[in-house]
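*Asks:* Next comes the structure file entry07.cif, holding mmCIF, C-alpha atoms.
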data_entry
loop_
_atom_site.label_atom_id
_atom_site.label_comp_id
_atom_site.auth_asym_id
_atom_site.auth_seq_id
_atom_site.Cartn_x
_atom_site.Cartn_y
_atom_site.Cartn_z
CA ASN A 27 4.57 -17.62 -16.14
CA SER A 28 5.86 -18.07 -19.66
CA LYS A 29 8.79 -20.34 -20.28
CA ILE A 30 11.06 -17.42 -20.87
CA GLY A 31 9.81 -15.67 -17.79
CA ARG A 32 10.50 -18.68 -15.65
CA ASN A 33 13.93 -19.17 -17.15
CA ALA A 34 14.80 -15.58 -16.58
CA LYS A 35 13.78 -15.74 -12.94
CA GLN A 36 15.72 -18.93 -12.39
CA SER A 37 18.86 -17.69 -14.06
CA GLY A 38 18.56 -14.46 -12.16
CA ARG A 39 19.14 -12.30 -15.20
CA PRO A 40 17.11 -9.17 -14.82
CA VAL A 41 14.73 -8.12 -17.52
CA LYS A 42 15.75 -4.82 -19.03
CA VAL A 43 13.66 -2.34 -20.89
CA ILE A 44 15.33 -1.15 -24.07
CA ASN A 45 12.64 0.76 -25.83
CA VAL A 46 9.41 2.44 -25.01
CA TYR A 47 6.73 2.66 -27.68
CA LYS A 48 5.55 6.10 -26.80
CA LYS A 49 6.14 9.60 -28.02
CA PRO A 50 8.19 10.92 -25.13
CA PRO A 51 9.92 7.60 -24.53
CA VAL A 52 9.15 7.34 -20.88
CA GLY A 53 7.53 4.12 -19.78
CA ARG A 54 4.69 4.32 -17.30
CA LEU A 55 1.92 2.04 -16.19
CA GLY A 56 0.20 0.46 -19.11
CA ASP A 57 2.80 1.34 -21.70
CA LYS A 58 4.15 -1.07 -24.26
CA VAL A 59 7.87 -1.57 -24.11
CA LEU A 60 10.63 -3.57 -25.73
CA VAL A 61 12.44 -5.70 -23.31
CA THR A 62 15.53 -7.88 -23.31
CA ILE A 63 15.18 -11.11 -21.49
CA GLU A 64 17.43 -14.14 -21.73
CA HIS A 65 19.36 -12.66 -24.67
CA GLU A 66 16.13 -12.17 -26.57
CA LYS A 67 14.06 -9.17 -27.41
CA LYS A 68 10.43 -9.30 -26.49
CA LYS A 69 7.58 -6.89 -26.22
CA ALA A 70 5.94 -6.30 -22.91
CA TYR A 71 3.43 -4.15 -21.05
CA ILE A 72 4.30 -2.36 -17.85
CA VAL A 73 2.00 -3.34 -15.02
CA GLY A 74 3.82 -2.16 -11.98
CA CYS A 75 6.01 0.84 -11.28
CA LYS A 76 8.35 1.63 -8.46
CA GLN A 77 7.82 5.27 -9.18
CA ARG A 78 5.38 7.28 -7.15
CA GLN A 79 2.04 7.34 -8.89
CA GLN A 80 -0.92 9.63 -8.98
CA THR A 81 -3.41 9.35 -6.21
CA LEU A 82 -5.30 6.08 -6.01
CA VAL A 83 -2.67 4.23 -8.03
CA PRO A 84 -0.50 1.88 -6.00
CA LYS A 85 3.23 1.69 -6.34
CA PHE A 86 5.00 -1.63 -6.41
CA ASP A 87 8.09 -3.09 -4.89
CA SER A 88 9.53 -3.77 -8.30
CA ASN A 89 8.84 -2.70 -11.86
CA ASN A 90 6.64 -5.40 -13.27
CA VAL A 91 6.11 -6.29 -16.85
CA VAL A 92 3.89 -8.76 -18.68
CA LEU A 93 5.60 -10.43 -21.63
CA VAL A 94 3.73 -10.24 -24.87
CA ASP A 95 4.55 -11.53 -28.33
CA ASP A 96 4.60 -9.43 -31.48
CA ASN A 97 0.88 -9.79 -32.02
CA GLY A 98 0.09 -8.69 -28.55
CA GLN A 99 -0.78 -12.09 -27.17
CA PRO A 100 0.53 -12.58 -23.66
CA LEU A 101 3.15 -15.27 -23.56
CA GLY A 102 2.19 -16.88 -20.29
CA THR A 103 -1.01 -18.50 -19.19
CA ARG A 104 -1.46 -16.79 -15.86
CA ILE A 105 -0.33 -13.63 -14.14
CA ARG A 106 0.41 -14.05 -10.50
CA ALA A 107 1.50 -10.57 -9.57
CA PRO A 108 -1.19 -8.08 -8.56
CA ILE A 109 -2.28 -5.66 -11.23
CA PRO A 110 -3.51 -2.18 -10.46
CA SER A 111 -7.23 -1.86 -11.16
CA CYS A 112 -6.71 1.47 -12.87
CA LEU A 113 -5.51 -0.57 -15.85
CA ARG A 114 -8.94 -2.12 -16.09
CA ALA A 115 -10.13 0.97 -17.88
CA ASN A 116 -7.88 0.20 -20.88
CA THR A 117 -10.06 -1.01 -23.73
CA ASP A 118 -7.04 -1.91 -25.82
CA PRO A 119 -7.79 -5.50 -26.90
CA ASN A 120 -4.31 -6.69 -25.99
CA PHE A 121 -4.72 -5.32 -22.55
CA VAL A 122 -8.03 -6.98 -22.05
CA LYS A 123 -6.30 -10.31 -22.63
CA ILE A 124 -3.74 -9.50 -19.98
CA LEU A 125 -6.41 -8.47 -17.54
CA SER A 126 -8.33 -11.66 -18.12
CA LEU A 127 -5.25 -13.64 -17.19
CA ALA A 128 -4.71 -11.73 -14.00
CA THR A 129 -5.62 -13.37 -10.73
CA THR A 130 -5.32 -10.52 -8.25
CA PHE A 131 -6.12 -6.87 -8.64
CA VAL A 132 -5.02 -4.09 -6.37
CA MET B 28 -15.29 3.93 -2.11
CA ARG B 29 -13.78 2.25 0.88
CA LEU B 30 -12.11 3.73 3.91
CA GLU B 31 -8.93 1.85 4.61
CA LYS B 32 -6.71 1.75 7.66
CA CYS B 33 -3.16 2.98 7.57
CA TYR B 34 -0.82 0.05 8.02
CA PHE B 35 1.42 1.92 10.36
CA CYS B 36 -0.71 4.12 12.58
CA SER B 37 -4.15 2.57 11.97
CA SER B 38 -5.82 5.85 11.18
CA THR B 39 -8.42 5.93 8.43
CA VAL B 40 -7.17 6.69 4.96
CA TYR B 41 -9.72 8.64 2.95
CA PRO B 42 -9.77 8.44 -0.84
CA GLY B 43 -7.26 10.76 -2.35
CA HIS B 44 -4.94 10.57 0.62
CA GLY B 45 -1.81 8.63 1.25
CA ILE B 46 0.19 6.07 -0.64
CA GLN B 47 -0.59 2.50 -1.47
CA PHE B 48 2.32 0.13 -1.79
CA VAL B 49 2.23 -3.41 -3.14
CA ARG B 50 4.97 -5.74 -2.08
CA ASN B 51 6.18 -8.52 -4.31
CA ASP B 52 4.35 -11.08 -2.20
CA CYS B 53 1.10 -9.30 -3.12
CA LYS B 54 0.62 -7.81 0.31
CA ILE B 55 -0.85 -4.33 0.15
CA PHE B 56 0.31 -1.62 2.52
CA ARG B 57 -1.65 1.56 2.86
CA PHE B 58 -0.27 4.66 4.49
CA CYS B 59 -2.17 7.71 5.57
CA ARG B 60 0.71 10.13 5.18
CA SER B 61 4.38 10.29 4.39
CA LYS B 62 5.25 10.10 8.08
CA CYS B 63 3.95 6.55 8.19
CA HIS B 64 5.32 5.74 4.76
CA LYS B 65 8.80 6.90 5.69
CA ALA B 66 8.70 5.02 8.96
CA PHE B 67 7.78 1.92 7.05
CA LYS B 68 10.65 2.44 4.67
CA LYS B 69 12.96 2.80 7.64
CA LYS B 70 11.69 -0.61 8.67
CA ARG B 71 10.25 0.64 11.92
CA ASN B 72 7.99 -1.71 13.78
CA PRO B 73 4.60 -0.05 14.36
CA ARG B 74 4.23 -2.02 17.57
CA LYS B 75 7.18 -0.17 18.97
CA ALA B 76 6.37 3.32 17.78
CA LYS B 77 4.60 4.72 20.79
CA TRP B 78 2.26 7.00 18.92
CA THR B 79 0.59 4.29 16.87
CA LYS B 80 -2.58 2.43 17.73
CA ALA B 81 -0.73 -0.83 17.27
CA PHE B 82 1.56 0.05 20.16
CA ARG B 83 -1.29 1.24 22.35
CA LYS B 84 -3.27 -1.91 21.87
CA ALA B 85 -0.25 -4.14 22.33
CA ALA B 86 0.67 -2.28 25.53
CA GLY B 87 -2.87 -2.55 26.89
CA LYS B 88 -3.47 1.17 26.85
CA GLU B 89 -6.55 0.86 24.72
CA LEU B 90 -9.40 -1.54 24.32
CA ALA B 91 -8.05 -4.40 22.25
CA VAL B 92 -10.28 -7.42 22.76
CA ASP B 93 -13.98 -6.69 22.70
CA PRO B 94 -17.01 -8.06 20.86
CA SER B 95 -17.82 -4.62 19.52
CA LEU B 96 -14.47 -4.58 17.74
CA GLU B 97 -15.12 -7.94 16.11
CA PHE B 98 -17.62 -6.31 13.78
CA GLU B 99 -14.93 -4.35 12.05
CA LYS B 100 -12.84 -7.34 11.12
CA ARG B 101 -12.57 -8.17 7.48
CA ARG B 102 -14.34 -11.26 6.35
CA ASN B 103 -13.20 -12.94 3.17
CA VAL B 104 -16.53 -14.63 2.55
CA PRO B 105 -18.81 -12.62 0.28
CA VAL B 106 -22.37 -12.34 1.54
CA LYS B 107 -25.31 -12.81 -0.75
CA TYR B 108 -27.20 -9.57 -1.27
CA ASN B 109 -30.26 -9.29 0.87
CA ARG B 110 -31.96 -5.95 1.24
CA GLU B 111 -33.17 -6.55 4.74
CA LEU B 112 -29.74 -7.60 5.80
CA TRP B 113 -28.35 -4.32 4.50
CA GLN B 114 -30.95 -2.30 6.37
CA THR B 115 -30.47 -4.06 9.67
CA THR B 116 -26.71 -3.87 9.23
CA PHE B 117 -26.97 -0.17 8.66
CA LYS B 118 -28.92 0.37 11.86
CA ALA B 119 -26.65 -1.95 13.75
CA MET B 120 -23.56 -0.09 12.58
CA LYS B 121 -24.73 3.11 14.21
CA ARG B 122 -25.57 1.43 17.48
CA ILE B 123 -22.35 -0.55 17.56
CA GLU B 124 -20.41 2.65 16.95
CA GLU B 125 -21.99 4.20 20.04
CA ILE B 126 -21.31 1.17 22.17
CA ARG B 127 -17.78 0.82 20.98
CA ILE B 128 -16.91 4.43 21.74
CA LYS B 129 -18.45 4.19 25.19
CA ARG B 130 -16.54 1.04 25.95
CA GLN B 131 -13.28 2.47 24.76
CA ASN B 132 -13.70 5.57 26.88
CA GLN B 133 -14.69 3.51 29.89
CA PHE B 134 -11.60 1.38 29.44
CA ILE B 135 -9.36 4.43 29.47
CA LEU B 136 -11.17 5.89 32.49
CA ASN B 137 -10.69 2.67 34.41
CA ARG B 138 -7.05 2.63 33.50
CA LEU B 139 -6.54 6.17 34.73
CA LYS B 140 -8.46 5.70 38.00
CA LYS B 141 -5.53 3.92 39.56
CA GLY B 142 -3.34 6.90 38.85
CA LYS B 143 -5.70 9.13 40.78
CA GLU B 144 -5.51 6.92 43.85
CA LEU B 145 -1.76 6.70 43.70
CA ARG B 146 -1.47 10.44 43.39
CA LYS B 147 -3.70 10.98 46.39
CA GLU B 148 -1.60 8.62 48.46
CA ALA B 149 1.54 10.34 47.29
CA ASP B 150 0.12 13.73 48.24
CA VAL B 151 -0.80 12.59 51.73
CA LYS B 152 2.60 11.06 52.22
CA GLU B 153 4.30 14.20 50.99
CA VAL B 154 2.40 16.34 53.48
CA GLU B 155 3.19 14.02 56.35
CA THR B 156 6.89 13.81 55.60
CA ASN B 157 7.31 17.50 54.91
CA ILE B 158 5.00 18.84 57.58
CA HIS B 159 8.09 20.13 59.37
CA LEU B 160 8.44 22.79 56.69
CA ILE B 161 5.19 24.41 57.71
CA LYS B 162 5.19 23.59 61.37
CA ALA B 163 5.43 26.36 63.89
CA PRO B 164 8.21 26.20 66.48
CA THR B 165 5.91 25.68 69.49
CA GLY B 166 4.91 22.18 70.61
CA ARG B 167 1.18 22.92 70.67
CA VAL B 168 1.16 22.82 66.95
CA LYS B 169 1.30 19.01 66.75
CA THR B 170 -2.50 18.99 66.84
CA LEU B 171 -2.58 21.73 64.23
CA GLU B 172 -0.34 19.66 61.98
CA LYS B 173 -2.58 16.69 62.38
CA LYS B 174 -5.55 18.85 61.55
CA MET B 175 -3.82 20.11 58.42
CA VAL B 176 -3.13 16.58 57.26
CA GLN B 177 -6.74 15.73 57.95
CA VAL B 178 -7.99 18.76 56.04
CA ILE B 179 -5.84 17.92 53.03
CA GLN B 180 -7.13 14.37 53.06
CA GLU B 181 -10.70 15.57 53.22
CA GLU B 182 -10.09 17.95 50.34
CA ASP B 183 -8.74 15.12 48.25
CA ASP B 184 -11.74 12.99 49.14
CA ASP B 185 -14.02 15.80 48.03
CA ASP B 186 -12.14 16.09 44.76
CA MET B 187 -12.50 12.36 44.22
CA GLU B 188 -16.22 12.52 44.87
CA GLU B 189 -16.68 15.51 42.61
CA VAL B 190 -15.00 13.77 39.77
#
Translate this structure into C-alpha coordinates?
*Replies:*
Amino acid sequence: NSKIGRNAKQSGRPVKVINVYKKPPVGRLGDKVLVTIEHEKKKAYIVGCKQRQQTLVPKFDSNNVVLVDDNGQPLGTRIRAPIPSCLRANTDPNFVKILSLATTFV
Amino acid sequence: MRLEKCYFCSSTVYPGHGIQFVRNDCKIFRFCRSKCHKAFKKKRNPRKAKWTKAFRKAAGKELAVDPSLEFEKRRNVPVKYNRELWQTTFKAMKRIEEIRIKRQNQFILNRLKKGKELRKEADVKEVETNIHLIKAPTGRVKTLEKKMVQVIQEEDDDDMEEV
(Lines of atoms letter the chains of each structure in order from A and count residues from 1; the text may use other names and numbers.)
(Lines give C-alpha, C1' and ligand atoms only; values in the text may rest on other atoms or scores of the structure.)
Protein backbone atom coordinates (compact mmCIF):
# COMPACT_ATOMS: atom_id res chain seq x y z
CA ASN A 1 0.00 0.00 0.00
CA SER A 2 2.78 2.40 -0.88
CA LYS A 3 1.92 5.85 -2.09
CA ILE A 4 2.89 4.98 -5.60
CA GLY A 5 0.93 1.78 -5.47
CA ARG A 6 -2.18 3.57 -4.35
CA ASN A 7 -1.75 6.26 -6.97
CA ALA A 8 -1.31 3.72 -9.67
CA LYS A 9 -4.45 1.87 -8.67
CA GLN A 10 -6.45 5.06 -8.53
CA SER A 11 -5.25 6.35 -11.86
CA GLY A 12 -5.86 2.96 -13.36
CA ARG A 13 -2.50 2.81 -15.08
CA PRO A 14 -1.35 -0.76 -15.10
CA VAL A 15 2.02 -1.67 -13.73
CA LYS A 16 4.24 -3.09 -16.42
CA VAL A 17 7.25 -5.30 -16.07
CA ILE A 18 10.17 -4.09 -18.16
CA ASN A 19 13.03 -6.19 -17.00
CA VAL A 20 13.58 -9.42 -15.21
CA TYR A 21 16.72 -9.86 -13.14
CA LYS A 22 17.31 -13.44 -14.03
CA LYS A 23 19.44 -15.34 -16.46
CA PRO A 24 16.75 -16.50 -18.85
CA PRO A 25 14.71 -13.33 -18.46
CA VAL A 26 11.46 -14.98 -17.63
CA GLY A 27 9.78 -13.76 -14.49
CA ARG A 28 8.23 -16.32 -12.19
CA LEU A 29 7.11 -16.40 -8.61
CA GLY A 30 9.66 -14.87 -6.34
CA ASP A 31 11.72 -13.21 -9.03
CA LYS A 32 12.96 -9.66 -8.87
CA VAL A 33 11.79 -7.48 -11.70
CA LEU A 34 11.98 -3.91 -12.93
CA VAL A 35 8.65 -2.35 -13.23
CA THR A 36 7.21 0.87 -14.61
CA ILE A 37 4.57 2.44 -12.52
CA GLU A 38 3.27 5.99 -12.73
CA HIS A 39 6.00 7.00 -15.19
CA GLU A 40 8.65 5.77 -12.80
CA LYS A 41 10.88 2.77 -12.73
CA LYS A 42 10.85 0.69 -9.62
CA LYS A 43 12.05 -2.69 -8.57
CA ALA A 44 9.60 -5.29 -7.47
CA TYR A 45 9.18 -8.94 -6.53
CA ILE A 46 6.63 -11.16 -8.20
CA VAL A 47 4.25 -12.69 -5.70
CA GLY A 48 1.43 -13.92 -7.82
CA CYS A 49 1.27 -15.41 -11.30
CA LYS A 50 -1.60 -15.98 -13.63
CA GLN A 51 0.38 -18.74 -15.21
CA ARG A 52 -0.25 -22.33 -14.25
CA GLN A 53 2.13 -23.34 -11.52
CA GLN A 54 3.66 -26.54 -10.31
CA THR A 55 1.61 -28.68 -8.03
CA LEU A 56 0.79 -27.19 -4.66
CA VAL A 57 1.42 -23.66 -5.86
CA PRO A 58 -1.72 -21.58 -6.35
CA LYS A 59 -2.34 -19.43 -9.36
CA PHE A 60 -3.77 -15.98 -9.02
CA ASP A 61 -6.36 -13.92 -10.77
CA SER A 62 -3.79 -11.30 -11.65
CA ASN A 63 -0.02 -11.05 -11.72
CA ASN A 64 0.90 -9.50 -8.41
CA VAL A 65 4.00 -7.65 -7.53
CA VAL A 66 5.38 -6.12 -4.34
CA LEU A 67 7.15 -2.80 -4.90
CA VAL A 68 10.61 -2.58 -3.49
CA ASP A 69 13.16 0.20 -3.51
CA ASP A 70 16.73 -0.12 -4.76
CA ASN A 71 17.96 -1.48 -1.46
CA GLY A 72 15.33 -4.11 -1.35
CA GLN A 73 13.15 -2.49 1.27
CA PRO A 74 9.47 -2.87 0.50
CA LEU A 75 7.89 0.47 -0.21
CA GLY A 76 4.59 -0.09 1.52
CA THR A 77 3.80 -0.89 5.10
CA ARG A 78 1.41 -3.76 4.59
CA ILE A 79 0.62 -6.32 1.93
CA ARG A 80 -3.03 -7.08 1.59
CA ALA A 81 -2.99 -9.58 -1.22
CA PRO A 82 -2.48 -13.25 -0.33
CA ILE A 83 1.01 -14.57 -0.79
CA PRO A 84 1.73 -18.17 -1.67
CA SER A 85 3.34 -20.00 1.25
CA CYS A 86 5.89 -21.60 -1.04
CA LEU A 87 7.67 -18.24 -0.97
CA ARG A 88 8.17 -18.67 2.75
CA ALA A 89 11.10 -20.92 2.01
CA ASN A 90 13.07 -18.00 0.52
CA THR A 91 15.80 -17.01 2.96
CA ASP A 92 16.71 -13.97 0.91
CA PRO A 93 16.70 -11.16 3.49
CA ASN A 94 14.66 -8.87 1.25
CA PHE A 95 12.06 -11.51 0.89
CA VAL A 96 11.82 -12.09 4.58
CA LYS A 97 10.86 -8.44 4.96
CA ILE A 98 8.11 -8.84 2.41
CA LEU A 99 6.83 -11.95 4.11
CA SER A 100 6.76 -10.23 7.46
CA LEU A 101 4.54 -7.54 5.99
CA ALA A 102 2.12 -10.02 4.54
CA THR A 103 -1.20 -10.53 6.25
CA THR A 104 -2.60 -13.56 4.46
CA PHE A 105 -0.86 -16.60 3.12
CA VAL A 106 -2.29 -19.10 0.70
CA MET B 1 -1.17 -32.10 4.92
CA ARG B 2 -4.81 -31.25 4.63
CA LEU B 3 -7.48 -32.77 2.46
CA GLU B 4 -9.49 -30.03 0.86
CA LYS B 5 -12.82 -30.06 -0.90
CA CYS B 6 -13.16 -29.20 -4.54
CA TYR B 7 -15.07 -25.96 -4.87
CA PHE B 8 -17.12 -27.22 -7.74
CA CYS B 9 -17.95 -30.86 -7.14
CA SER B 10 -17.10 -31.15 -3.43
CA SER B 11 -14.91 -34.18 -3.85
CA THR B 12 -11.76 -34.44 -1.77
CA VAL B 13 -8.62 -33.00 -3.27
CA TYR B 14 -5.56 -34.96 -2.25
CA PRO B 15 -2.14 -33.31 -2.15
CA GLY B 16 -0.57 -33.24 -5.54
CA HIS B 17 -3.89 -33.12 -7.34
CA GLY B 18 -5.83 -30.33 -8.87
CA ILE B 19 -5.41 -26.60 -9.16
CA GLN B 20 -5.64 -23.92 -6.56
CA PHE B 21 -6.80 -20.52 -7.68
CA VAL B 22 -6.70 -17.31 -5.68
CA ARG B 23 -9.07 -14.57 -6.67
CA ASN B 24 -8.23 -10.94 -6.18
CA ASP B 25 -10.57 -10.73 -3.21
CA CYS B 26 -8.39 -13.35 -1.50
CA LYS B 27 -10.93 -16.11 -1.86
CA ILE B 28 -9.30 -19.45 -2.56
CA PHE B 29 -10.85 -21.91 -4.98
CA ARG B 30 -9.66 -25.47 -5.09
CA PHE B 31 -10.46 -27.81 -7.92
CA CYS B 32 -10.01 -31.54 -8.00
CA ARG B 33 -9.52 -31.80 -11.74
CA SER B 34 -9.60 -29.77 -14.91
CA LYS B 35 -13.25 -30.67 -15.47
CA CYS B 36 -14.21 -28.64 -12.43
CA HIS B 37 -11.65 -25.95 -13.18
CA LYS B 38 -12.93 -25.49 -16.71
CA ALA B 39 -16.52 -25.41 -15.55
CA PHE B 40 -15.57 -22.72 -13.09
CA LYS B 41 -13.89 -20.72 -15.82
CA LYS B 42 -17.03 -21.04 -17.90
CA LYS B 43 -18.80 -19.47 -14.95
CA ARG B 44 -21.03 -22.46 -14.39
CA ASN B 45 -22.97 -22.53 -11.18
CA PRO B 46 -22.17 -25.72 -9.25
CA ARG B 47 -25.67 -25.69 -7.82
CA LYS B 48 -27.03 -26.19 -11.28
CA ALA B 49 -24.61 -28.81 -12.54
CA LYS B 50 -26.50 -31.97 -11.79
CA TRP B 51 -23.50 -34.14 -11.11
CA THR B 52 -22.12 -32.07 -8.26
CA LYS B 53 -22.78 -32.57 -4.57
CA ALA B 54 -23.86 -28.96 -4.33
CA PHE B 55 -26.74 -29.65 -6.69
CA ARG B 56 -27.70 -32.87 -4.94
CA LYS B 57 -27.84 -31.25 -1.56
CA ALA B 58 -29.69 -28.22 -2.84
CA ALA B 59 -32.22 -30.46 -4.59
CA GLY B 60 -32.73 -32.57 -1.46
CA LYS B 61 -31.34 -35.71 -3.01
CA GLU B 62 -28.77 -36.15 -0.29
CA LEU B 63 -28.54 -35.58 3.40
CA ALA B 64 -27.89 -31.88 3.82
CA VAL B 65 -28.83 -30.88 7.34
CA ASP B 66 -27.68 -33.26 10.03
CA PRO B 67 -25.74 -32.97 13.29
CA SER B 68 -23.20 -35.48 12.05
CA LEU B 69 -22.33 -33.13 9.21
CA GLU B 70 -21.79 -30.22 11.57
CA PHE B 71 -18.54 -31.78 12.74
CA GLU B 72 -16.94 -31.25 9.38
CA LYS B 73 -17.55 -27.54 9.27
CA ARG B 74 -14.55 -25.30 9.45
CA ARG B 75 -14.12 -23.35 12.61
CA ASN B 76 -12.02 -20.22 12.54
CA VAL B 77 -11.24 -20.34 16.24
CA PRO B 78 -7.97 -22.11 17.01
CA VAL B 79 -8.20 -24.61 19.84
CA LYS B 80 -5.58 -24.80 22.52
CA TYR B 81 -3.60 -28.01 22.31
CA ASN B 82 -4.76 -30.62 24.74
CA ARG B 83 -3.61 -34.19 24.33
CA GLU B 84 -6.73 -35.73 25.71
CA LEU B 85 -8.84 -33.64 23.44
CA TRP B 86 -6.90 -34.94 20.46
CA GLN B 87 -7.35 -38.54 21.55
CA THR B 88 -11.05 -38.27 22.17
CA THR B 89 -11.46 -36.37 18.91
CA PHE B 90 -9.67 -39.11 17.08
CA LYS B 91 -11.97 -41.78 18.46
CA ALA B 92 -14.99 -39.62 17.87
CA MET B 93 -14.02 -39.04 14.25
CA LYS B 94 -14.20 -42.74 13.49
CA ARG B 95 -17.54 -43.18 15.16
CA ILE B 96 -19.01 -40.08 13.56
CA GLU B 97 -17.86 -41.33 10.18
CA GLU B 98 -19.81 -44.55 10.69
CA ILE B 99 -22.91 -42.74 11.82
CA ARG B 100 -22.75 -40.23 9.04
CA ILE B 101 -22.47 -42.88 6.34
CA LYS B 102 -25.35 -44.84 7.81
CA ARG B 103 -27.52 -41.77 7.96
CA GLN B 104 -26.72 -40.76 4.44
CA ASN B 105 -27.55 -44.21 3.11
CA GLN B 106 -30.75 -44.33 5.12
CA PHE B 107 -31.76 -40.97 3.70
CA ILE B 108 -31.30 -42.20 0.15
CA LEU B 109 -33.17 -45.44 0.91
CA ASN B 110 -36.09 -43.50 2.30
CA ARG B 111 -36.12 -41.29 -0.72
CA LEU B 112 -36.20 -44.25 -3.09
CA LYS B 113 -38.91 -46.16 -1.18
CA LYS B 114 -41.59 -43.95 -2.62
CA GLY B 115 -40.48 -44.86 -6.09
CA LYS B 116 -40.97 -48.52 -5.33
CA GLU B 117 -44.55 -47.97 -4.22
CA LEU B 118 -45.35 -45.87 -7.23
CA ARG B 119 -43.90 -48.47 -9.54
CA LYS B 120 -45.96 -51.21 -7.93
CA GLU B 121 -49.12 -49.18 -8.36
CA ALA B 122 -48.21 -48.46 -11.95
CA ASP B 123 -47.64 -52.15 -12.61
CA VAL B 124 -50.99 -53.13 -11.17
CA LYS B 125 -52.73 -50.46 -13.16
CA GLU B 126 -50.97 -51.53 -16.32
CA VAL B 127 -52.11 -55.12 -15.87
CA GLU B 128 -55.68 -54.10 -15.22
CA THR B 129 -55.92 -51.79 -18.20
CA ASN B 130 -54.18 -54.14 -20.59
CA ILE B 131 -55.64 -57.39 -19.36
CA HIS B 132 -57.58 -57.55 -22.63
CA LEU B 133 -54.33 -58.34 -24.42
CA ILE B 134 -53.98 -61.62 -22.58
CA LYS B 135 -57.60 -62.47 -22.08
CA ALA B 136 -59.05 -65.48 -23.77
CA PRO B 137 -62.13 -65.01 -25.96
CA THR B 138 -64.52 -66.97 -23.71
CA GLY B 139 -66.46 -65.23 -20.93
CA ARG B 140 -65.41 -67.69 -18.22
CA VAL B 141 -62.03 -66.12 -18.21
CA LYS B 142 -63.13 -63.05 -16.23
CA THR B 143 -62.33 -64.97 -13.05
CA LEU B 144 -59.03 -66.06 -14.53
CA GLU B 145 -58.17 -62.46 -15.29
CA LYS B 146 -58.98 -61.45 -11.78
CA LYS B 147 -56.83 -64.26 -10.50
CA MET B 148 -53.95 -63.11 -12.69
CA VAL B 149 -54.21 -59.59 -11.33
CA GLN B 150 -54.28 -61.02 -7.85
CA VAL B 151 -51.24 -63.19 -8.50
CA ILE B 152 -49.27 -60.27 -9.87
CA GLN B 153 -50.16 -58.20 -6.84
CA GLU B 154 -49.08 -60.97 -4.52
CA GLU B 155 -45.80 -61.33 -6.38
CA ASP B 156 -45.13 -57.64 -5.98
CA ASP B 157 -45.95 -57.87 -2.29
CA ASP B 158 -43.48 -60.71 -1.95
CA ASP B 159 -40.83 -58.69 -3.72
CA MET B 160 -41.48 -55.78 -1.38
CA GLU B 161 -41.16 -58.03 1.65
CA GLU B 162 -38.00 -59.64 0.36
CA VAL B 163 -36.36 -56.32 -0.13
*Asks:* Do you have, as JSON lines, the list of residues of chain B lying at most 6 Å from chain A, each with its nearest atom pair and that distance in Å to one decimal, counting all atoms listed in the file and ordered by chain then number?
*Replies:*
{"residue": "B:Gly43", "atom": "CA", "partner": "A:Thr81", "partner_atom": "CA", "distance": 5.6}
{"residue": "B:Gln47", "atom": "CA", "partner": "A:Pro84", "partner_atom": "CA", "distance": 4.6}
{"residue": "B:Phe48", "atom": "CA", "partner": "A:Lys85", "partner_atom": "CA", "distance": 4.9}
{"residue": "B:Val49", "atom": "CA", "partner": "A:Phe86", "partner_atom": "CA", "distance": 4.6}
{"residue": "B:Arg50", "atom": "CA", "partner": "A:Asp87", "partner_atom": "CA", "distance": 5.0}
{"residue": "B:Asn51", "atom": "CA", "partner": "A:Asp87", "partner_atom": "CA", "distance": 5.8}
*Asks:* Residues as selected, C-alpha atoms, written as a PDB file, in the coordinates of the input, can you do that?
*Replies:*
ATOM      1  CA  GLY B  43      -7.260  10.760  -2.350  1.00  0.00           C
ATOM      2  CA  GLN B  47      -0.590   2.500  -1.470  1.00  0.00           C
ATOM      3  CA  PHE B  48       2.320   0.130  -1.790  1.00  0.00           C
ATOM      4  CA  VAL B  49       2.230  -3.410  -3.140  1.00  0.00           C
ATOM      5  CA  ARG B  50       4.970  -5.740  -2.080  1.00  0.00           C
ATOM      6  CA  ASN B  51       6.180  -8.520  -4.310  1.00  0.00           C
TER       7      ASN B  51
END
*Asks:* If I take CA of Lys69 (chain B) and CA of Gln77 (chain A), how far is one from the other in Å, to one decimal?
*Replies:* 17.8 Å
*Asks:* Using CA of Phe98 (chain B) and CA of Ile128 (chain B) as the two end points, give the distance in Å to one decimal.
*Replies:*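 According to the coordinates, CA of Phe98 (chain B) and CA of Ile128 (chain B) are separated by 13.4 Å.
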*Asks:* What do you get, as a VMD selection string, if you spell out every residue that the PyMOL selection byres ((chain A and resi 54) around 9) selects here?
*Replies:* chain A and resid 52 to 53 55 to 58 72 to 75 77
*Asks:* How many Å separate CA of Cys63 (chain B) from CA of Ala85 (chain B)?
*Replies:*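 These two atoms are separated by 18.2 Å.
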*Asks:* Report as a PyMOL selection string the residues that result from applying the PyMOL selection byres ((chain B and resi 155) around 12) to the structure here.
*Replies:* chain B and resi 148-154+156-162+169+172-177+179-180
*Asks:* Could you expand the PyMOL selection byres ((chain B and resi 36) around 6) into the explicit residues it covers here, written as a short mmCIF file (atom, residue, chain, number, x, y, z; two decimals) with C-alpha atoms, in the coordinates of the input?
*Replies:*
data_model
loop_
_atom_site.label_atom_id
_atom_site.label_comp_id
_atom_site.auth_asym_id
_atom_site.auth_seq_id
_atom_site.Cartn_x
_atom_site.Cartn_y
_atom_site.Cartn_z
CA CYS B 33 -3.16 2.98 7.57
CA PHE B 35 1.42 1.92 10.36
CA SER B 37 -4.15 2.57 11.97
CA SER B 38 -5.82 5.85 11.18
CA THR B 79 0.59 4.29 16.87
CA LYS B 80 -2.58 2.43 17.73
#
